[in-house]
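Below: input-v4.txt (compact mmCIF, C-alpha atoms and all ligand atoms)
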# COMPACT_ATOMS: atom_id res chain seq x y z
CA MET I 1 81.31 43.80 -14.71
CA ASP I 2 77.70 44.17 -15.84
CA GLU I 3 75.74 41.32 -14.48
CA THR I 4 75.82 39.12 -11.42
CA ILE I 5 74.92 35.51 -12.17
CA THR I 6 72.67 33.77 -9.64
CA LEU I 7 73.19 30.02 -9.33
CA LYS I 8 70.47 28.25 -7.35
CA VAL I 9 71.79 25.31 -5.36
CA ASP I 10 70.26 22.82 -2.97
CA PRO I 11 71.57 23.57 0.56
CA ASP I 12 71.89 19.85 1.37
CA GLU I 13 72.98 18.46 -1.98
CA PRO I 14 74.50 21.23 -4.07
CA ASP I 15 75.07 20.36 -7.74
CA PRO I 16 78.85 19.74 -8.05
CA GLU I 17 78.91 21.31 -11.52
CA LEU I 18 77.49 24.60 -10.28
CA ILE I 19 79.89 24.57 -7.32
CA GLU I 20 82.80 23.95 -9.67
CA ARG I 21 81.71 26.84 -11.87
CA ALA I 22 81.82 29.17 -8.86
CA ALA I 23 85.13 27.64 -7.69
CA GLN I 24 86.67 28.40 -11.07
CA VAL I 25 85.70 32.06 -10.65
CA ILE I 26 87.46 32.08 -7.26
CA ARG I 27 90.61 30.52 -8.76
CA ASP I 28 90.51 33.13 -11.54
CA GLY I 29 90.52 35.97 -9.00
CA GLY I 30 86.77 36.77 -9.16
CA LEU I 31 84.15 37.40 -6.49
CA VAL I 32 81.57 34.81 -5.40
CA ALA I 33 78.91 35.39 -2.74
CA PHE I 34 77.98 32.18 -0.96
CA PRO I 35 75.79 31.04 1.93
CA THR I 36 77.23 30.04 5.27
CA GLU I 37 75.22 28.89 8.29
CA THR I 38 75.53 32.42 9.79
CA VAL I 39 75.08 34.93 6.94
CA TYR I 40 76.05 35.14 3.25
CA GLY I 41 79.74 35.87 2.64
CA LEU I 42 81.50 37.66 -0.23
CA GLY I 43 84.40 35.41 -1.18
CA ALA I 44 87.70 35.73 -3.02
CA ASP I 45 90.94 33.71 -3.10
CA ALA I 46 92.61 34.59 0.24
CA MET I 47 96.10 34.15 -1.26
CA ASN I 48 95.47 36.53 -4.18
CA GLU I 49 96.09 40.16 -3.23
CA ARG I 50 94.28 41.62 -6.24
CA ALA I 51 91.23 39.42 -5.72
CA VAL I 52 91.04 40.38 -2.05
CA ARG I 53 91.23 44.08 -2.90
CA ARG I 54 88.21 43.63 -5.11
CA ILE I 55 86.22 42.60 -2.03
CA PHE I 56 87.05 45.91 -0.35
CA GLU I 57 86.08 47.83 -3.51
CA ALA I 58 82.79 46.02 -4.04
CA LYS I 59 81.68 46.53 -0.43
CA GLY I 60 83.13 50.03 -0.01
CA ARG I 61 84.88 48.57 3.04
CA PRO I 62 87.57 50.61 4.84
CA ALA I 63 91.00 49.05 4.21
CA ASP I 64 91.74 48.87 7.96
CA ASN I 65 88.96 46.35 8.59
CA PRO I 66 90.40 42.82 8.25
CA LEU I 67 88.56 39.85 6.70
CA ILE I 68 87.75 36.35 7.93
CA VAL I 69 89.44 33.50 6.02
CA HIS I 70 87.32 30.39 5.51
CA VAL I 71 88.90 26.92 5.32
CA ALA I 72 87.56 23.45 4.49
CA ASP I 73 89.97 21.33 6.51
CA ARG I 74 93.07 21.22 8.71
CA GLU I 75 95.43 21.21 5.77
CA MET I 76 94.01 24.48 4.49
CA LEU I 77 94.18 25.91 8.00
CA SER I 78 97.91 25.17 8.12
CA THR I 79 98.44 27.34 5.02
CA VAL I 80 96.67 30.28 6.68
CA ALA I 81 97.75 30.27 10.33
CA ALA I 82 101.30 30.01 11.61
CA GLN I 83 100.78 28.37 15.01
CA ILE I 84 97.96 26.30 16.43
CA SER I 85 98.14 26.16 20.24
CA SER I 86 96.67 23.26 22.20
CA ARG I 87 93.88 25.57 23.29
CA ALA I 88 93.11 26.33 19.63
CA GLU I 89 93.18 22.58 18.95
CA ARG I 90 90.52 21.92 21.56
CA LEU I 91 88.27 24.68 20.27
CA ILE I 92 88.65 23.47 16.69
CA GLN I 93 87.87 19.89 17.68
CA HIS I 94 84.77 20.97 19.51
CA PHE I 95 83.27 23.80 17.46
CA TRP I 96 84.39 23.36 13.84
CA PRO I 97 82.81 23.27 11.40
CA GLY I 98 80.59 25.98 12.91
CA PRO I 99 80.01 29.65 13.75
CA LEU I 100 83.28 30.28 15.63
CA THR I 101 86.05 32.47 14.19
CA LEU I 102 89.52 32.20 15.76
CA VAL I 103 92.11 34.96 15.58
CA LEU I 104 95.53 33.31 15.22
CA LYS I 105 99.07 34.24 14.14
CA ARG I 106 98.97 34.73 10.39
CA GLY I 107 100.84 32.56 7.89
CA PRO I 108 103.14 34.24 5.35
CA GLU I 109 101.14 33.36 2.22
CA VAL I 110 97.91 35.09 3.17
CA ALA I 111 97.27 38.22 1.06
CA LEU I 112 98.39 41.24 3.08
CA SER I 113 95.15 43.17 2.80
CA VAL I 114 93.20 40.27 4.35
CA SER I 115 94.74 41.13 7.73
CA ALA I 116 94.72 44.90 7.16
CA GLY I 117 98.31 45.15 8.39
CA LEU I 118 97.86 43.05 11.54
CA GLU I 119 100.14 40.11 12.43
CA THR I 120 97.06 38.00 12.99
CA VAL I 121 94.43 36.34 10.83
CA ALA I 122 90.81 35.46 11.61
CA VAL I 123 89.86 31.94 10.45
CA ARG I 124 86.77 29.79 10.51
CA MET I 125 85.50 26.52 9.07
CA PRO I 126 81.85 27.02 8.08
CA ARG I 127 79.30 24.28 8.56
CA SER I 128 77.21 25.02 5.47
CA LYS I 129 77.59 22.28 2.84
CA VAL I 130 77.62 24.79 0.01
CA ALA I 131 80.42 26.77 1.63
CA LEU I 132 82.48 23.65 2.42
CA GLN I 133 82.10 22.25 -1.08
CA LEU I 134 83.00 25.59 -2.64
CA LEU I 135 86.18 25.67 -0.54
CA GLU I 136 87.08 22.09 -1.43
CA SER I 137 86.37 22.61 -5.08
CA ALA I 138 88.37 25.87 -5.20
CA GLY I 139 91.20 24.10 -3.38
CA ARG I 140 92.22 27.23 -1.55
CA PRO I 141 91.18 29.31 1.45
CA ILE I 142 88.52 31.94 0.77
CA ALA I 143 88.53 35.38 2.40
CA ALA I 144 84.93 36.46 2.98
CA PRO I 145 83.32 39.27 4.92
CA SER I 146 79.54 39.42 5.12
CA ALA I 147 78.20 40.10 1.60
CA ASN I 148 76.59 43.48 2.29
CA ALA I 149 77.59 47.00 1.34
CA SER I 150 79.88 48.28 4.12
CA GLY I 151 77.90 49.46 7.16
CA ARG I 152 74.65 47.87 6.04
CA LEU I 153 72.86 44.88 7.54
CA SER I 154 74.42 41.48 6.92
CA PRO I 155 72.60 39.49 4.22
CA THR I 156 70.69 36.37 5.17
CA SER I 157 69.48 35.63 1.63
CA ALA I 158 70.79 35.84 -1.93
CA GLN I 159 68.20 38.57 -2.57
CA HIS I 160 69.80 40.74 0.15
CA VAL I 161 73.20 40.21 -1.48
CA LEU I 162 71.87 41.35 -4.85
CA GLU I 163 70.23 44.44 -3.31
CA ASP I 164 73.62 45.63 -2.05
CA LEU I 165 76.13 44.16 -4.51
CA GLY I 166 74.25 43.24 -7.70
CA GLY I 167 76.40 44.11 -10.73
CA LYS I 168 79.55 44.38 -8.57
CA ILE I 169 80.26 40.68 -8.11
CA ASP I 170 80.50 37.72 -10.49
CA ILE I 171 78.30 35.06 -8.94
CA VAL I 172 75.92 34.56 -6.04
CA LEU I 173 75.21 30.99 -4.94
CA ASP I 174 71.61 30.98 -3.76
CA ALA I 175 70.80 28.22 -1.26
CA GLY I 176 67.88 29.93 0.47
CA PRO I 177 67.82 31.63 3.87
CA ALA I 178 70.81 31.40 6.23
CA ASN I 179 70.19 29.13 9.19
CA ILE I 180 71.48 31.10 12.16
CA GLY I 181 71.14 34.63 10.75
CA ILE I 182 73.80 36.54 12.72
CA GLU I 183 77.57 36.52 12.30
CA SER I 184 80.02 34.13 13.98
CA THR I 185 81.59 34.61 17.41
CA VAL I 186 85.10 36.09 16.99
CA LEU I 187 87.60 34.86 19.62
CA ASP I 188 91.12 36.26 19.83
CA LEU I 189 93.52 33.45 20.77
CA THR I 190 96.64 35.61 20.53
CA SER I 191 96.02 36.98 24.02
CA ASP I 192 95.87 35.07 27.30
CA PRO I 193 93.17 34.62 28.42
CA PRO I 194 91.48 34.65 25.02
CA VAL I 195 89.17 37.59 24.31
CA ILE I 196 85.76 37.61 22.62
CA LEU I 197 85.99 40.43 20.07
CA ARG I 198 82.47 39.88 18.76
CA PRO I 199 79.77 37.90 20.60
CA GLY I 200 77.93 35.36 18.47
CA TRP I 201 75.95 32.16 18.43
CA ILE I 202 78.62 30.33 20.43
CA THR I 203 78.45 31.86 23.90
CA LYS I 204 81.14 32.81 26.38
CA GLU I 205 79.97 29.97 28.66
CA ALA I 206 80.27 27.37 25.88
CA LEU I 207 83.78 28.62 25.01
CA SER I 208 84.92 28.61 28.64
CA GLU I 209 83.93 24.98 29.05
CA ILE I 210 86.40 24.00 26.35
CA ALA I 211 89.08 26.70 26.55
CA GLY I 212 89.08 27.78 30.20
CA PRO I 213 88.44 31.40 31.18
CA VAL I 214 87.80 33.85 28.35
CA ASP I 215 87.34 37.61 28.57
CA ARG I 216 84.88 39.81 26.87
CA THR I 217 86.47 42.77 25.17
CA ARG I 218 85.92 46.17 26.74
CA SER I 219 84.80 48.69 24.19
CA GLU I 220 88.01 50.75 24.29
CA ASP I 221 90.19 47.65 23.81
CA ARG I 222 87.95 46.48 21.03
CA LEU I 223 88.93 49.54 19.04
CA ARG I 224 92.56 48.66 19.31
CA SER I 225 92.45 44.90 18.77
CA SER I 226 89.72 44.63 16.14
CA PRO I 227 89.83 47.72 14.01
CA GLY I 228 86.69 46.76 12.12
CA THR I 229 84.46 47.16 15.12
CA ARG I 230 84.91 50.93 15.27
CA HIS I 231 83.18 51.35 11.95
CA ARG I 232 79.47 51.62 11.45
CA HIS I 233 77.89 48.19 11.68
CA TYR I 234 74.68 46.31 11.16
CA SER I 235 72.52 49.37 10.54
CA PRO I 236 69.23 49.75 8.75
CA LEU I 237 68.92 52.96 6.72
CA ALA I 238 66.34 54.35 9.12
CA ARG I 239 67.13 55.43 12.66
CA LEU I 240 66.87 52.41 14.95
CA VAL I 241 65.11 52.94 18.26
CA LEU I 242 65.85 50.04 20.58
CA ALA I 243 63.22 49.54 23.30
CA GLU I 244 64.59 47.40 26.13
CA GLY I 245 62.30 46.26 28.92
CA ALA I 246 59.35 48.20 27.50
CA THR I 247 55.75 47.12 28.04
CA GLY I 248 53.18 46.83 25.26
CA SER I 249 51.75 50.23 26.12
CA ASP I 250 55.26 51.80 26.16
CA LEU I 251 55.86 50.40 22.68
CA GLN I 252 52.50 51.67 21.50
CA ARG I 253 53.26 55.18 22.79
CA ILE I 254 56.79 55.27 21.28
CA CYS I 255 55.48 54.25 17.85
CA GLN I 256 52.55 56.67 17.99
CA GLU I 257 54.82 59.60 18.90
CA LEU I 258 57.16 58.79 16.02
CA LEU I 259 54.21 58.43 13.64
CA THR I 260 53.57 62.17 14.00
CA GLN I 261 56.86 62.64 12.07
CA GLY I 262 56.25 60.07 9.31
CA PRO I 263 56.09 56.31 8.61
CA VAL I 264 57.30 53.97 11.36
CA GLY I 265 58.46 50.36 11.31
CA PHE I 266 58.18 48.05 14.30
CA VAL I 267 59.80 44.68 14.93
CA GLY I 268 59.13 42.88 18.18
CA HIS I 269 57.51 39.98 19.99
CA THR I 270 54.61 42.01 21.39
CA ASP I 271 51.92 42.37 18.75
CA ILE I 272 50.92 46.03 19.04
CA VAL I 273 48.01 47.27 16.96
CA ILE I 274 48.08 50.77 15.48
CA ASP I 275 45.60 51.78 12.82
CA ASP I 276 47.73 54.08 10.69
CA PRO I 277 48.75 53.54 7.04
CA GLY I 278 52.29 54.65 7.91
CA PHE I 279 52.73 51.83 10.41
CA ARG I 280 54.32 48.55 9.32
CA LYS I 281 55.26 45.73 11.67
CA VAL I 282 57.03 42.36 11.81
CA ILE I 283 56.13 40.18 14.80
CA LEU I 284 58.60 37.50 15.91
CA GLU I 285 58.64 34.79 18.54
CA ASN I 286 60.36 35.87 21.74
CA SER I 287 63.45 33.69 21.27
CA PRO I 288 67.10 34.25 20.35
CA GLU I 289 66.72 31.72 17.49
CA GLN I 290 63.88 33.59 15.79
CA TYR I 291 65.37 37.02 16.40
CA ALA I 292 68.77 35.95 15.04
CA ARG I 293 67.26 34.35 11.98
CA SER I 294 64.82 37.13 11.13
CA ILE I 295 66.03 40.45 12.49
CA TYR I 296 68.19 41.58 9.55
CA GLY I 297 65.57 40.58 6.99
CA ALA I 298 62.84 42.30 9.02
CA MET I 299 64.80 45.55 9.17
CA ARG I 300 65.53 45.44 5.43
CA PHE I 301 61.81 44.92 4.78
CA LEU I 302 60.81 47.83 7.04
CA ASP I 303 63.45 50.09 5.46
CA GLU I 304 61.62 49.80 2.13
CA CYS I 305 58.94 52.28 3.33
CA GLU I 306 61.64 54.84 4.21
CA PRO I 307 60.40 55.18 7.78
CA VAL I 308 61.51 57.97 10.14
CA ALA I 309 62.48 55.19 12.55
CA ILE I 310 62.40 51.46 13.11
CA VAL I 311 61.42 50.60 16.68
CA VAL I 312 62.84 47.26 17.83
CA GLU I 313 61.67 45.48 20.96
CA GLY I 314 64.66 43.88 22.70
CA ILE I 315 64.94 40.34 24.06
CA ALA I 316 66.62 38.99 27.20
CA ASP I 317 70.36 39.69 27.20
CA ARG I 318 71.29 36.11 28.11
CA GLY I 319 72.97 33.23 26.32
CA GLN I 320 72.55 33.59 22.59
CA GLY I 321 70.29 36.59 23.14
CA GLU I 322 73.45 38.51 24.04
CA ALA I 323 74.76 38.36 20.48
CA VAL I 324 71.42 39.55 19.11
CA MET I 325 71.32 42.45 21.57
CA ASP I 326 74.94 43.37 20.77
CA ARG I 327 74.00 43.86 17.10
CA LEU I 328 70.89 45.85 17.97
CA ARG I 329 72.68 48.13 20.45
CA ARG I 330 75.43 48.93 18.00
CA ALA I 331 72.96 49.66 15.22
CA ALA I 332 70.95 51.85 17.60
CA SER I 333 73.88 53.87 18.88
CA TRP I 334 75.52 54.62 15.56
CA ARG I 335 74.77 57.94 13.88
CA GLU I 336 76.11 59.29 10.63
CA PRO I 337 77.65 62.68 11.49
CA GLY I 338 74.88 65.17 10.74
CA GLN I 339 72.33 62.40 10.16
CA HIS I 340 68.81 63.52 10.91
CA ARG I 341 66.63 60.51 10.39
O1 LIG I 401 79.68 34.68 10.34
C1 LIG I 401 80.62 35.35 9.89
O2 LIG I 401 81.66 35.57 10.57
C2 LIG I 401 80.49 35.92 8.48
C3 LIG I 401 80.49 34.75 7.49
C4 LIG I 401 80.47 35.21 6.06
O3 LIG I 401 81.59 33.93 7.75
N1 LIG I 401 81.55 36.84 8.19
C5 LIG I 401 81.64 38.07 8.76
O4 LIG I 401 82.70 38.83 8.32
O5 LIG I 401 80.83 38.49 9.58
P1 LIG I 401 82.85 40.40 8.58
O6 LIG I 401 83.99 40.84 7.76
O7 LIG I 401 81.55 41.05 8.35
O8 LIG I 401 83.28 40.50 10.09
C6 LIG I 401 84.57 40.11 10.45
C7 LIG I 401 84.92 40.64 11.83
C8 LIG I 401 85.15 42.14 11.79
O9 LIG I 401 84.63 42.73 12.97
C9 LIG I 401 86.67 42.22 11.76
O10 LIG I 401 87.18 43.43 12.31
C10 LIG I 401 87.07 41.02 12.60
O11 LIG I 401 86.14 40.02 12.25
N2 LIG I 401 88.43 40.54 12.25
C11 LIG I 401 88.85 40.01 11.09
N3 LIG I 401 90.16 39.72 11.12
C12 LIG I 401 90.60 40.07 12.34
C13 LIG I 401 91.87 40.04 13.01
N4 LIG I 401 92.96 39.58 12.39
N5 LIG I 401 91.93 40.50 14.27
C14 LIG I 401 90.83 40.96 14.90
N6 LIG I 401 89.61 41.04 14.33
C15 LIG I 401 89.49 40.60 13.07
MG MG I 402 80.12 42.39 8.20
Encoding of this model in structure tokens:
Amino acid sequence: MDETITLKVDPDEPDPELIERAAQVIRDGGLVAFPTETVYGLGADAMNERAVRRIFEAKGRPADNPLIVHVADREMLSTVAAQISSRAERLIQHFWPGPLTLVLKRGPEVALSVSAGLETVAVRMPRSKVALQLLESAGRPIAAPSANASGRLSPTSAQHVLEDLGGKIDIVLDAGPANIGIESTVLDLTSDPPVILRPGWITKEALSEIAGPVDRTRSEDRLRSSPGTRHRHYSPLARLVLAEGATGSDLQRICQELLTQGPVGFVGHTDIVIDDPGFRKVILENSPEQYARSIYGAMRFLDECEPVAIVVEGIADRGQGEAVMDRLRRAASWREPGQHR
């Protein structure tokens, strides 16, 4: 494939003809990147093994990392998942369409590589109009991981998708920036009590109100139950230095020390001032909403200067802030073997 076609669509009233054009590509076994309320996804027909394999190729994704299947309605869900418990019913009623992914027993028609050999399948019904209309128009479930190159930051705009996957996919539907900005909560309903495999916008407290007690995965279990989480995740190219509970003068000192080695990026809610041409900053409001919506884009922007490090000021690890901090901690702790910067 030589060129990726960008189709601009209105997030609230997408042009049905453009949606149908993208849906036809899905039915023909092609790859379409599309916006959801969380991040942009890279979609293919979930029942077409060859199409699904193309997702793994385009992203450079390890074959043992399963994909999320997106559905438009209950009928589509019944073609993907084998059993829907009453607990699943309640969660679906309450949170769908929305940023909650449920791990359920897989149905027999789902392409094998979607589940990476597991007996389960991860499913969600997105809230984004563009995503829902694409699903309806395609008339089949769509497997879609985040539309970034494997290991890189999830894309919150069509531009991010093109940076990573331009020329490797058929179409990107561009509906502007993603609303929430971080990936969905992943809840495993095949264990009792259910287990949060990936924290997200929907918190443990909100889930417990509807589903009763839920556990948070311990890191060693996470490796076993959700193979994808052992891989590198959510990382900028530069080393990420996460400053938790640091004061303005701490932040200033950390950045200044790093500046002796080369350019430095900073993203935080404390506006520190450093007069150095190698210093670039993005200042955000101190809220989970703003951090979620802007953090990936900010890190991509700061990466452009090839800094020795990006220093990120943390936020409170509460409520939705927990999902933001989960992403930042994982990006901060991951090192390429032998990686220096
Ligand atoms: O918000 C989102 O969830 C976005 C949008 C596009 O929907 N998608 C997304 O997909 O973040 P991805 O592939 O980047 O992350 C999917 C996560 C991975 O950690 C994967 O290991 C886990 O879900 N997962 C998928 N299927 C699973 C399964 N059957 N059992 C356990 N974990 C699973
Ligand atoms: Mg991803």
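Here atom CA of I:Val121 is placed at a distance of 18.6 Å from atom CA of I:Arg54.
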(request) Mind giving me the straight-line distance from atom O7 of ligand LIG 401 (chain I) to atom CA of I:Ser85 in Å, one decimal? (result)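 That distance, rounded to one decimal, is 25.3 Å.
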(request) Please give me, as a ChimeraX atom specification, the residues lying within 12 Å of ligand MG 402 (chain I) when counting all atoms listed in the file. (result) /I:38-42,55-56,59-62,65-68,144-156,182-184,186,198,228-229,231-235,327
Which neighbours of I:Ala238 fall inside 10 Å, counting all atoms listed in the file, when residues of the same chain fewer than 4 positions from it are skipped, and could you give them as a short mmCIF file (atom, residue, chain, number, x, y, z; two decimals) with C-alpha atoms, keeping the file's coordinate frame?
data_model
loop_
_atom_site.label_atom_id
_atom_site.label_comp_id
_atom_site.auth_asym_id
_atom_site.auth_seq_id
_atom_site.Cartn_x
_atom_site.Cartn_y
_atom_site.Cartn_z
CA VAL I 264 57.30 53.97 11.36
CA GLY I 265 58.46 50.36 11.31
CA MET I 299 64.80 45.55 9.17
CA ARG I 300 65.53 45.44 5.43
CA LEU I 302 60.81 47.83 7.04
CA ASP I 303 63.45 50.09 5.46
CA GLU I 304 61.62 49.80 2.13
CA CYS I 305 58.94 52.28 3.33
CA GLU I 306 61.64 54.84 4.21
CA PRO I 307 60.40 55.18 7.78
CA VAL I 308 61.51 57.97 10.14
CA ALA I 309 62.48 55.19 12.55
CA ILE I 310 62.40 51.46 13.11
CA VAL I 311 61.42 50.60 16.68
CA ALA I 332 70.95 51.85 17.60
CA HIS I 340 68.81 63.52 10.91
CA ARG I 341 66.63 60.51 10.39
#
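Between I:Asp326 and the residues I:Leu197, I:Ile142, I:Val25, I:Leu259, the shortest atom-to-atom distance, using all atoms listed in the file, involves I:Leu197.
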(message) What does the structure give for the distance between atom CA of I:Leu132 and atom CA of I:Gly321, in Å to one decimal?
(response) 27.3 Å
(request) Do a neighbour search on I:Phe34 at 12 Å with only C-alpha atoms, toss out local chain neighbours closer than 4 positions, and write the hits as an MDAnalysis selection string. (result) chainID I and resid 6:9 11 14 19 22:23 26 38:44 70 126 128:135 142:148 155:162 169:178
Extract, using all atoms listed in the file, all DNA, RNA and protein residues at most 7 Å from stretch 284-289 of chain I, discarding same-chain residues fewer than 6 positions from it, and format them as a CSV table (one decimal) with C-alpha atoms, keeping the file's coordinate frame.
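Result went into result11.csv, see below:
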chain,number,residue,atom,x,y,z
I,268,GLY,CA,59.1,42.9,18.2
I,269,HIS,CA,57.5,40.0,20.0
I,315,ILE,CA,64.9,40.3,24.1
I,320,GLN,CA,72.6,33.6,22.6
I,321,GLY,CA,70.3,36.6,23.1
I,324,VAL,CA,71.4,39.6,19.1
(message) At a cut-off of 9 Å around the point (95.4, 40.6, 4.7) (file coordinates), what residues fall inside when counting all atoms listed in the file? I'd like the answer as a list of chain:residue names.
(response) I:Ala46, I:Met47, I:Glu49, I:Val52, I:Pro66, I:Leu67, I:Arg106, I:Val110, I:Ala111, I:Leu112, I:Ser113, I:Val114, I:Ser115, I:Ala116, I:Gly117, I:Leu118, I:Thr120, I:Val121, I:Ala143
Since the input has fewer atoms than a full residue there, write stretch 168-195 of chain I out with N, CA and C atoms, as a compact mmCIF listing (two decimals), keeping the file's coordinate frame.
# COMPACT_ATOMS: atom_id res chain seq x y z
N LYS I 168 78.17 44.14 -9.03
CA LYS I 168 79.55 44.38 -8.57
C LYS I 168 80.31 43.09 -8.33
N ILE I 169 79.61 41.96 -8.37
CA ILE I 169 80.26 40.68 -8.11
C ILE I 169 79.91 39.70 -9.22
N ASP I 170 80.69 38.62 -9.35
CA ASP I 170 80.50 37.72 -10.49
C ASP I 170 79.32 36.78 -10.30
N ILE I 171 79.29 36.12 -9.15
CA ILE I 171 78.30 35.06 -8.94
C ILE I 171 77.74 35.16 -7.52
N VAL I 172 76.45 34.85 -7.37
CA VAL I 172 75.92 34.56 -6.04
C VAL I 172 75.33 33.15 -6.06
N LEU I 173 75.78 32.32 -5.12
CA LEU I 173 75.21 30.99 -4.94
C LEU I 173 74.01 31.13 -4.02
N ASP I 174 72.84 30.80 -4.53
CA ASP I 174 71.61 30.98 -3.76
C ASP I 174 71.13 29.64 -3.21
N ALA I 175 71.27 29.47 -1.88
CA ALA I 175 70.80 28.22 -1.26
C ALA I 175 69.70 28.51 -0.25
N GLY I 176 68.98 29.61 -0.44
CA GLY I 176 67.88 29.93 0.47
C GLY I 176 68.37 30.65 1.72
N PRO I 177 67.49 30.83 2.70
CA PRO I 177 67.82 31.63 3.87
C PRO I 177 68.91 31.01 4.73
N ALA I 178 69.76 31.87 5.33
CA ALA I 178 70.81 31.40 6.23
C ALA I 178 70.15 30.88 7.50
N ASN I 179 70.74 29.82 8.04
CA ASN I 179 70.19 29.13 9.19
C ASN I 179 70.18 29.92 10.49
N ILE I 180 71.35 30.43 10.86
CA ILE I 180 71.48 31.10 12.16
C ILE I 180 71.06 32.57 12.02
N GLY I 181 71.62 33.28 11.05
CA GLY I 181 71.14 34.63 10.75
C GLY I 181 71.96 35.77 11.33
N ILE I 182 72.85 35.51 12.30
CA ILE I 182 73.80 36.54 12.72
C ILE I 182 75.22 35.97 12.63
N GLU I 183 76.19 36.88 12.61
CA GLU I 183 77.57 36.52 12.30
C GLU I 183 78.21 35.69 13.42
N SER I 184 79.32 35.03 13.06
CA SER I 184 80.02 34.13 13.98
C SER I 184 80.59 34.87 15.20
N THR I 185 80.83 34.12 16.26
CA THR I 185 81.59 34.61 17.41
C THR I 185 83.04 34.78 16.98
N VAL I 186 83.67 35.91 17.31
CA VAL I 186 85.10 36.09 16.99
C VAL I 186 85.89 36.04 18.30
N LEU I 187 86.81 35.06 18.40
CA LEU I 187 87.60 34.86 19.62
C LEU I 187 89.07 35.06 19.31
N ASP I 188 89.70 35.99 20.03
CA ASP I 188 91.12 36.26 19.83
C ASP I 188 91.95 35.33 20.70
N LEU I 189 92.69 34.41 20.04
CA LEU I 189 93.52 33.45 20.77
C LEU I 189 94.96 33.92 20.87
N THR I 190 95.26 35.13 20.42
CA THR I 190 96.64 35.61 20.53
C THR I 190 96.86 36.31 21.88
N SER I 191 95.81 36.44 22.67
CA SER I 191 96.02 36.98 24.02
C SER I 191 95.62 35.92 25.04
N ASP I 192 96.13 36.06 26.25
CA ASP I 192 95.87 35.07 27.30
C ASP I 192 95.36 35.79 28.54
N PRO I 193 94.17 35.53 29.01
CA PRO I 193 93.17 34.62 28.42
C PRO I 193 92.64 35.14 27.09
N PRO I 194 92.05 34.23 26.30
CA PRO I 194 91.48 34.65 25.02
C PRO I 194 90.36 35.68 25.23
N VAL I 195 90.14 36.49 24.20
CA VAL I 195 89.17 37.59 24.31
C VAL I 195 88.11 37.47 23.22
